[in-house]
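*Asks:* To start, I am sharing the structure in question, which I have written as structure tokens.
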Amino acid sequence: MIDSHCHLTDPRLFEQLDDVLSRARNAGVTRIITIGTEPADDRAAIELCRNRPELRCAIGVHPNYCHEVEFEAVAQLRELQSDPSVVALGEMGLDYHYDFADRARQRKFFEAQIQLASELSRPVVIHCREAVDDCLSLMRGFSNVPAVFHCFTGTVDEARRILDAGYLLGFTGVITFKKSDELREAVRITPRDRLLVETDAPYLSPEPVRKVKTNEPAFVVHAAAVVAQEWGIGIEEIDRITTANVGRFFRWTLNVEG
């Protein structure tokens, strides 16, 4: 199984990285994609992947960090993305929940990054919180860019609109929460070739380990189990489906060598 989105550079995971990776392997999680959020973190993610064939990364400027970095950071992504460990750009997007950064600045960074992805034929990882309308509107000008809306926590209607636009949805342990009935309905309507499972670790620990303060890649199996239940198939089939989806979307050849 693959955790398609986590943050291994976060100190809560990085400071126990060997143990985190060992627990993942023991849980059957054999591939992991770690995500960069700003220039220093992007470089750290690339470095972390070195000599670890089971790891890949995506690099970008997260909307909640774009007020802390210069706009020139986007240009730096062009060079950084040439590293063989990089499989996507992002996470990028819009966050109207926290509004840490001015919305105009968020859109400026988002558009520049997706423009770069279009030029480089890269898939993108989208962070979209309370901003589906604006995200989809901006992305219409870049229909050639494959995208996954990671950590989807929106409505069924929003899920349909994202899927109708041709994008993927990434589901975290939030789908395991008791009050997440609408999210589980979103899982049910998602085509099998357009769903990824992820942890967003160290955030959002799933049931039945929700009391564990630090989420980690090993726990992606709990989200996968809920998807299996909603689709009425075995978790082994979920593993096969989501692994194939990761390989196709991120163009990561999933062979024994990594």
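All residue names refer to the structure tokens as shown: chains lettered A, B, ... in order, residues numbered from 1 in each chain, ligands numbered from 1 in order.
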Hey, what's within 8 Å of stretch 5-18 of chain A if we count only C-alpha atoms and toss same-chain stuff fewer than 3 positions away? As a ChimeraX atom specification, please?
*Replies:* /A:21-22,32-36,41,44-45,48,150,198-202,214,216-217
*Asks:* Would you write out those residues with C-alpha atoms, as a CSV table (one decimal), in the first residue's frame?
*Replies:*
chain,number,residue,atom,x,y,z
A,21,LEU,CA,9.5,3.9,8.1
A,22,SER,CA,9.9,0.6,9.9
A,32,ILE,CA,5.4,6.9,0.6
A,33,ILE,CA,5.1,10.4,-1.0
A,34,THR,CA,6.3,13.2,1.2
A,35,ILE,CA,5.3,16.7,0.5
A,36,GLY,CA,7.2,20.0,0.6
A,41,ASP,CA,11.0,22.2,3.2
A,44,ALA,CA,14.6,18.9,2.8
A,45,ALA,CA,12.0,16.6,1.2
A,48,LEU,CA,15.2,12.9,2.7
A,150,HIS,CA,-5.6,16.0,-1.5
A,198,GLU,CA,-3.3,9.2,2.3
A,199,THR,CA,-2.5,10.2,5.9
A,200,ASP,CA,-1.5,13.9,5.7
A,201,ALA,CA,0.7,12.8,8.6
A,202,PRO,CA,1.6,14.0,11.2
A,214,THR,CA,1.1,12.1,15.8
A,216,GLU,CA,2.1,8.4,10.5
A,217,PRO,CA,2.1,6.5,7.2
*Asks:* For the strand (DSSP E) assignment from backbone DSSP, which residues of stretch 19-152 of chain A qualify? Please present them as an NGL selection string.
*Replies:* :A and (31-35 or 55-59 or 86-95 or 124-129 or 147-149)
*Asks:* Near stretch 75-85 of chain A, within 10 Å and counting only C-alpha atoms, which residues show up once chain neighbours fewer than 2 positions away are dropped, as a PyMOL selection string?
*Replies:* chain A and resi 33+38-39+42-43+45-53+55-61+71-73+87-90+112-113+116-117+119-120+122+252
*Asks:* Next, the residues of the selection above should be written as an mmCIF file, in the first residue's frame with N, CA and C atoms.
*Replies:*
data_model
loop_
_atom_site.group_PDB
_atom_site.id
_atom_site.type_symbol
_atom_site.label_atom_id
_atom_site.label_comp_id
_atom_site.auth_asym_id
_atom_site.auth_seq_id
_atom_site.Cartn_x
_atom_site.Cartn_y
_atom_site.Cartn_z
ATOM 1 N N ILE A 33 4.846 9.066 -0.396
ATOM 2 C CA ILE A 33 5.148 10.354 -1.035
ATOM 3 C C ILE A 33 5.101 11.435 0.033
ATOM 4 N N GLU A 38 7.318 24.751 1.321
ATOM 5 C CA GLU A 38 7.995 26.019 1.033
ATOM 6 C C GLU A 38 9.446 25.680 0.704
ATOM 7 N N PRO A 39 10.248 26.633 0.194
ATOM 8 C CA PRO A 39 11.545 26.276 -0.379
ATOM 9 C C PRO A 39 12.447 25.430 0.510
ATOM 10 N N ASP A 42 10.963 22.033 0.785
ATOM 11 C CA ASP A 42 11.092 21.319 -0.485
ATOM 12 C C ASP A 42 12.473 20.681 -0.606
ATOM 13 N N ARG A 43 13.500 21.443 -0.275
ATOM 14 C CA ARG A 43 14.861 20.892 -0.354
ATOM 15 C C ARG A 43 15.052 19.768 0.650
ATOM 16 N N ALA A 45 12.744 17.743 1.707
ATOM 17 C CA ALA A 45 12.018 16.577 1.204
ATOM 18 C C ALA A 45 12.841 15.836 0.154
ATOM 19 N N ILE A 46 13.473 16.583 -0.735
ATOM 20 C CA ILE A 46 14.324 15.967 -1.754
ATOM 21 C C ILE A 46 15.481 15.230 -1.096
ATOM 22 N N GLU A 47 16.123 15.867 -0.130
ATOM 23 C CA GLU A 47 17.254 15.249 0.549
ATOM 24 C C GLU A 47 16.823 13.997 1.299
ATOM 25 N N LEU A 48 15.663 14.042 1.897
ATOM 26 C CA LEU A 48 15.163 12.898 2.660
ATOM 27 C C LEU A 48 14.966 11.675 1.763
ATOM 28 N N CYS A 49 14.617 11.915 0.502
ATOM 29 C CA CYS A 49 14.368 10.808 -0.419
ATOM 30 C C CYS A 49 15.642 10.140 -0.928
ATOM 31 N N ARG A 50 16.769 10.795 -0.763
ATOM 32 C CA ARG A 50 18.013 10.253 -1.305
ATOM 33 C C ARG A 50 18.334 8.901 -0.683
ATOM 34 N N ASN A 51 18.665 7.943 -1.555
ATOM 35 C CA ASN A 51 19.025 6.585 -1.142
ATOM 36 C C ASN A 51 17.886 5.861 -0.419
ATOM 37 N N ARG A 52 16.662 6.341 -0.636
ATOM 38 C CA ARG A 52 15.484 5.655 -0.089
ATOM 39 C C ARG A 52 14.524 5.412 -1.254
ATOM 40 N N PRO A 53 14.675 4.301 -1.957
ATOM 41 C CA PRO A 53 13.871 4.057 -3.164
ATOM 42 C C PRO A 53 12.384 3.930 -2.899
ATOM 43 N N LEU A 55 10.694 6.087 -1.238
ATOM 44 C CA LEU A 55 10.174 7.433 -1.029
ATOM 45 C C LEU A 55 10.257 8.260 -2.311
ATOM 46 N N ARG A 56 9.250 9.104 -2.509
ATOM 47 C CA ARG A 56 9.270 10.137 -3.526
ATOM 48 C C ARG A 56 8.695 11.401 -2.892
ATOM 49 N N CYS A 57 8.785 12.533 -3.589
ATOM 50 C CA CYS A 57 8.276 13.769 -3.007
ATOM 51 C C CYS A 57 7.592 14.637 -4.052
ATOM 52 N N ALA A 58 6.760 15.536 -3.553
ATOM 53 C CA ALA A 58 6.205 16.639 -4.342
ATOM 54 C C ALA A 58 6.709 17.923 -3.700
ATOM 55 N N ILE A 59 6.975 18.930 -4.517
ATOM 56 C CA ILE A 59 7.522 20.183 -3.994
ATOM 57 C C ILE A 59 6.693 21.366 -4.475
ATOM 58 N N GLY A 60 6.505 22.332 -3.594
ATOM 59 C CA GLY A 60 5.731 23.501 -3.963
ATOM 60 C C GLY A 60 5.712 24.525 -2.853
ATOM 61 N N VAL A 61 4.843 25.513 -3.023
ATOM 62 C CA VAL A 61 4.620 26.530 -1.994
ATOM 63 C C VAL A 61 3.156 26.451 -1.582
ATOM 64 N N PHE A 71 8.157 35.756 -3.905
ATOM 65 C CA PHE A 71 7.530 35.174 -5.084
ATOM 66 C C PHE A 71 8.551 34.445 -5.956
ATOM 67 N N GLU A 72 9.806 34.864 -5.879
ATOM 68 C CA GLU A 72 10.857 34.221 -6.672
ATOM 69 C C GLU A 72 11.035 32.751 -6.307
ATOM 70 N N ALA A 73 10.475 32.337 -5.171
ATOM 71 C CA ALA A 73 10.573 30.932 -4.771
ATOM 72 C C ALA A 73 9.935 30.013 -5.805
ATOM 73 N N VAL A 87 8.094 13.795 -8.003
ATOM 74 C CA VAL A 87 7.080 13.215 -8.882
ATOM 75 C C VAL A 87 5.914 14.164 -9.161
ATOM 76 N N ALA A 88 5.895 15.330 -8.504
ATOM 77 C CA ALA A 88 4.794 16.271 -8.708
ATOM 78 C C ALA A 88 5.183 17.632 -8.152
ATOM 79 N N LEU A 89 4.406 18.643 -8.513
ATOM 80 C CA LEU A 89 4.520 19.959 -7.910
ATOM 81 C C LEU A 89 3.348 20.150 -6.946
ATOM 82 N N GLY A 90 3.626 20.808 -5.830
ATOM 83 C CA GLY A 90 2.605 21.022 -4.799
ATOM 84 C C GLY A 90 3.121 20.565 -3.450
ATOM 85 N N ALA A 112 0.996 30.769 -10.680
ATOM 86 C CA ALA A 112 2.371 30.644 -11.161
ATOM 87 C C ALA A 112 2.846 29.198 -11.094
ATOM 88 N N GLN A 113 2.472 28.499 -10.039
ATOM 89 C CA GLN A 113 2.903 27.105 -9.888
ATOM 90 C C GLN A 113 2.204 26.179 -10.877
ATOM 91 N N LEU A 116 3.736 26.630 -14.204
ATOM 92 C CA LEU A 116 4.988 25.885 -14.288
ATOM 93 C C LEU A 116 4.726 24.403 -14.530
ATOM 94 N N ALA A 117 3.749 23.852 -13.821
ATOM 95 C CA ALA A 117 3.399 22.444 -14.005
ATOM 96 C C ALA A 117 2.951 22.183 -15.438
ATOM 97 N N GLU A 119 3.881 23.861 -18.111
ATOM 98 C CA GLU A 119 5.058 23.929 -18.980
ATOM 99 C C GLU A 119 5.905 22.670 -18.882
ATOM 100 N N LEU A 120 5.969 22.095 -17.680
ATOM 101 C CA LEU A 120 6.851 20.957 -17.424
ATOM 102 C C LEU A 120 6.145 19.611 -17.525
ATOM 103 N N ARG A 122 3.865 18.338 -15.497
ATOM 104 C CA ARG A 122 3.892 17.732 -14.174
ATOM 105 C C ARG A 122 2.476 17.640 -13.586
ATOM 106 N N TRP A 252 5.129 7.074 -11.368
ATOM 107 C CA TRP A 252 6.128 6.400 -10.546
ATOM 108 C C TRP A 252 6.086 4.927 -10.899
#
*Asks:* Point out the residue among A:Val69, A:Ala40, A:Val220, A:Ile189 with the least atom-to-atom distance to A:Asp3, counting only C-alpha atoms.
*Replies:*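 Of all the options, A:Val220 lies closest to A:Asp3.
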*Asks:* Using only C-alpha atoms, which of A:Asp239, A:Glu230, A:Glu68, A:Asp164 sits nearest A:Leu136?
*Replies:*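 Selected residue with least distance to A:Leu136: A:Asp164.
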*Asks:* Please determine, counting only C-alpha atoms, which residue among A:Val125, A:Leu163, A:Val209, A:Val226 has the shortest atom-to-atom distance to A:Ile175.
*Replies:*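 Under the stated criterion, the closest residue is A:Val226.
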*Asks:* Using only C-alpha atoms, determine which residues lie at most 12 Å from A:Val156, disregarding the query and same-chain residues fewer than 5 positions distant; provide the list as JSON, numbers by chain.
*Replies:* {"A": [161, 162, 163, 169, 180, 181, 182, 183, 184, 185, 186, 187, 188, 189, 190]}
*Asks:* Would you work out the distance separating atom CA of A:Arg251 from atom CA of A:Asp193, expressed in Å to one decimal?
*Replies:* 14.3 Å
*Asks:* A:Ala225: which residues within 9 Å, counting only C-alpha atoms, same-chain residues fewer than 2 positions away excluded, as a ChimeraX atom specification?
*Replies:* /A:176,220-223,227-230,234-235,238
*Asks:* For a test of reading the model, state the distance in Å between atom CA of A:Asn215 and atom CA of A:Gly93, rounded to one decimal.
*Replies:*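 Between these atoms lies a distance of 23.0 Å.
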*Asks:* Just give me the gap between atom CA of A:Phe250 and atom CA of A:Leu196 in Å, one decimal is fine.
*Replies:* 11.3 Å
*Asks:* Which neighbours of A:Phe152 fall inside 10 Å, counting only C-alpha atoms, when residues of the same chain fewer than 2 positions from it are skipped, and could you give them as a PDB file with C-alpha atoms, in the first residue's frame?
*Replies:*
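Ended up saving to out_32.pdb:
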ATOM      1  CA  ILE A 126      -3.914  20.658  -4.661  1.00  0.00           C
ATOM      2  CA  HIS A 127      -4.627  22.071  -1.213  1.00  0.00           C
ATOM      3  CA  CYS A 128      -8.166  23.445  -1.333  1.00  0.00           C
ATOM      4  CA  ARG A 129     -10.004  24.514   1.793  1.00  0.00           C
ATOM      5  CA  VAL A 148      -5.363  15.466  -7.105  1.00  0.00           C
ATOM      6  CA  PHE A 149      -7.362  17.394  -4.518  1.00  0.00           C
ATOM      7  CA  HIS A 150      -5.628  16.039  -1.462  1.00  0.00           C
ATOM      8  CA  GLY A 154     -15.801  18.970   1.228  1.00  0.00           C
ATOM      9  CA  THR A 155     -19.385  18.209   0.302  1.00  0.00           C
ATOM     10  CA  GLU A 158     -18.012  19.613  -4.408  1.00  0.00           C
ATOM     11  CA  ALA A 159     -16.667  16.099  -4.904  1.00  0.00           C
ATOM     12  CA  LEU A 168      -8.615  12.842  -8.473  1.00  0.00           C
ATOM     13  CA  LEU A 169      -9.609  12.931  -4.812  1.00  0.00           C
ATOM     14  CA  GLY A 170      -7.293  12.018  -1.945  1.00  0.00           C
ATOM     15  CA  PHE A 171      -8.972  10.767   1.232  1.00  0.00           C
ATOM     16  CA  THR A 172      -7.378  10.809   4.687  1.00  0.00           C
ATOM     17  CA  VAL A 174     -11.051  11.927   8.321  1.00  0.00           C
ATOM     18  CA  ILE A 175     -13.271   9.407   6.513  1.00  0.00           C
ATOM     19  CA  LEU A 183     -17.316  12.196   3.187  1.00  0.00           C
ATOM     20  CA  ALA A 186     -18.100  11.128  -1.503  1.00  0.00           C
ATOM     21  CA  VAL A 187     -15.957   7.989  -1.371  1.00  0.00           C
TER      22      VAL A 187
END
*Asks:* Please identify the alpha helix (DSSP H) residues within stretch 131-253 of chain A (assignment by DSSP from backbone atoms) and present them as JSON, numbers by chain.
*Replies:* {"A": [132, 133, 134, 135, 136, 137, 138, 139, 156, 157, 158, 159, 160, 161, 162, 163, 164, 181, 182, 183, 184, 185, 186, 187, 188, 189, 220, 221, 222, 223, 224, 225, 226, 227, 228, 229, 230, 231, 235, 236, 237, 238, 239, 240, 241, 242, 243, 244, 245, 246, 247, 248, 249, 250]}
*Asks:* For the residues in that selection, give me C-alpha atoms as a short mmCIF file (atom, residue, chain, number, x, y, z; two decimals), in the first residue's frame.
*Replies:*
data_model
loop_
_atom_site.label_atom_id
_atom_site.label_comp_id
_atom_site.auth_asym_id
_atom_site.auth_seq_id
_atom_site.Cartn_x
_atom_site.Cartn_y
_atom_site.Cartn_z
CA VAL A 132 -13.49 24.96 -4.47
CA ASP A 133 -15.10 27.55 -6.75
CA ASP A 134 -11.96 29.65 -7.07
CA CYS A 135 -9.65 26.63 -7.39
CA LEU A 136 -11.67 25.11 -10.22
CA SER A 137 -12.05 28.48 -11.92
CA LEU A 138 -8.32 29.10 -11.95
CA MET A 139 -7.55 25.54 -13.05
CA VAL A 156 -20.68 15.54 -2.06
CA ASP A 157 -21.57 18.27 -4.54
CA GLU A 158 -18.01 19.61 -4.41
CA ALA A 159 -16.67 16.10 -4.90
CA ARG A 160 -18.84 15.68 -8.00
CA ARG A 161 -17.66 18.98 -9.44
CA ILE A 162 -14.01 18.09 -8.91
CA LEU A 163 -14.53 14.66 -10.44
CA ASP A 164 -16.51 16.11 -13.36
CA ASP A 181 -21.05 10.41 6.72
CA GLU A 182 -20.99 12.89 3.83
CA LEU A 183 -17.32 12.20 3.19
CA ARG A 184 -18.03 8.48 3.04
CA GLU A 185 -20.74 9.23 0.49
CA ALA A 186 -18.10 11.13 -1.50
CA VAL A 187 -15.96 7.99 -1.37
CA ARG A 188 -18.86 5.95 -2.77
CA ILE A 189 -19.29 8.22 -5.80
CA VAL A 220 -3.08 4.86 6.02
CA VAL A 221 -4.46 1.32 6.23
CA HIS A 222 -7.35 2.64 8.33
CA ALA A 223 -8.49 5.00 5.59
CA ALA A 224 -8.09 2.19 3.07
CA ALA A 225 -10.28 -0.06 5.22
CA VAL A 226 -13.11 2.48 5.13
CA VAL A 227 -12.84 2.80 1.35
CA ALA A 228 -13.01 -0.99 1.10
CA GLN A 229 -16.13 -1.03 3.26
CA GLU A 230 -17.84 1.73 1.25
CA TRP A 231 -17.01 0.06 -2.06
CA ILE A 235 -8.72 -4.19 1.35
CA GLU A 236 -6.31 -6.16 -0.85
CA GLU A 237 -8.24 -4.88 -3.86
CA ILE A 238 -8.08 -1.33 -2.49
CA ASP A 239 -4.33 -1.77 -2.21
CA ARG A 240 -4.13 -2.89 -5.83
CA ILE A 241 -6.39 -0.08 -7.10
CA THR A 242 -4.76 2.78 -5.20
CA THR A 243 -1.26 1.54 -5.96
CA ALA A 244 -2.12 1.54 -9.67
CA ASN A 245 -3.62 5.01 -9.35
CA VAL A 246 -0.47 6.37 -7.70
CA GLY A 247 1.75 4.80 -10.33
CA ARG A 248 -0.32 6.24 -13.18
CA PHE A 249 -0.94 9.70 -11.74
CA PHE A 250 2.58 10.36 -10.41
#
